[in-house]
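A.B. asks: Pasting in a structure now, in structure tokens, and then I'll have a few things to ask.
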Amino acid sequence: MSEPQPDLNYPILVTEREGTFELRIRELLLVVRGPDLQQAYDELMKRKHEVVDGARAVGALDELPSPERPPLVDATALRARGLRALMRALSKRYF
């Protein structure tokens, strides 16, 4: 019987600034920047696989941090500043 595999489906944070895309996997401390989204994504996946393959090679796959999935709504912000402030923050972040 094989050992269960850890969850390696890490969320990717994408930011666009002045025509440049920045993609990040926070848990693995990976950051890639580039003018083309697909190329940046491909490079990020290449680096992610290098980290995972390296951990697997030394038997440390279970020591990789587990993926953290951020909540879609920040409940603390909603209580502290109200719905209007939350919607303003979300519109700047996602649209």
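All residue names refer to the structure tokens as shown: chains lettered A, B, ... in order, residues numbered from 1 in each chain, ligands numbered from 1 in order.
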May I have the residues within 9 Å of Val52 (chain A) as a tab-separated table (two decimals) with N, CA, C and O atoms, in the first residue's frame, using only C-alpha atoms and disregarding those fewer than 3 positions away in the same chain?

C.D. replies:
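Here's the written file result.tsv:
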chain	number	residue	atom	x	y	z
A	8	LEU	N	-0.66	19.17	-3.13
A	8	LEU	CA	0.31	20.09	-3.74
A	8	LEU	C	-0.36	21.07	-4.68
A	8	LEU	O	0.29	21.68	-5.52
A	47	ARG	N	9.20	25.99	-11.74
A	47	ARG	CA	9.88	26.17	-10.45
A	47	ARG	C	9.20	25.38	-9.33
A	47	ARG	O	9.87	24.82	-8.46
A	48	LYS	N	7.87	25.34	-9.36
A	48	LYS	CA	7.14	24.57	-8.37
A	48	LYS	C	7.52	23.09	-8.47
A	48	LYS	O	7.80	22.44	-7.46
A	49	HIS	N	7.56	22.57	-9.69
A	49	HIS	CA	7.91	21.16	-9.88
A	49	HIS	C	9.35	20.87	-9.45
A	49	HIS	O	9.65	19.80	-8.93
A	55	ALA	N	12.19	17.92	-3.05
A	55	ALA	CA	11.72	17.41	-1.76
A	55	ALA	C	11.46	15.91	-1.84
A	55	ALA	O	11.79	15.15	-0.92
A	56	ARG	N	10.88	15.47	-2.95
A	56	ARG	CA	10.61	14.04	-3.15
A	56	ARG	C	11.93	13.24	-3.19
A	56	ARG	O	12.03	12.15	-2.62
A	57	ALA	N	12.94	13.79	-3.84
A	57	ALA	CA	14.22	13.09	-4.00
A	57	ALA	C	14.91	12.82	-2.67
A	57	ALA	O	15.61	11.82	-2.53
A	61	LEU	N	8.96	15.15	1.11
A	61	LEU	CA	7.73	15.65	0.49
A	61	LEU	C	6.70	16.04	1.55
A	61	LEU	O	6.00	17.04	1.41
A	64	LEU	N	6.87	19.73	3.05
A	64	LEU	CA	6.44	20.93	2.33
A	64	LEU	C	5.21	21.51	3.02
A	64	LEU	O	4.37	20.76	3.53

A.B. asks: Set the distance at 9 Å and use only C-alpha atoms: which residues neighbour Pro11 (chain A) once local chain neighbours fewer than 2 positions away are removed? I'd like the list as a VMD selection string.

C.D. replies: chain A and resid 9 13 24 to 27 67 to 70

A.B. asks: Kindly give the distance, in Å, that separates CA of Leu29 (chain A) and CA of Pro6 (chain A), rounded to a single decimal.

C.D. replies: 17.9 Å

A.B. asks: Pick out the residues sitting within 8 Å of Thr20 (chain A), and hand them over as a list in words; count only C-alpha atoms, and ignore anything fewer than 2 positions along from it in its own chain.

C.D. replies: Glu16, Arg17, Glu18, Glu22, Arg33, Gly34, Pro35 and Asp36 of chain A
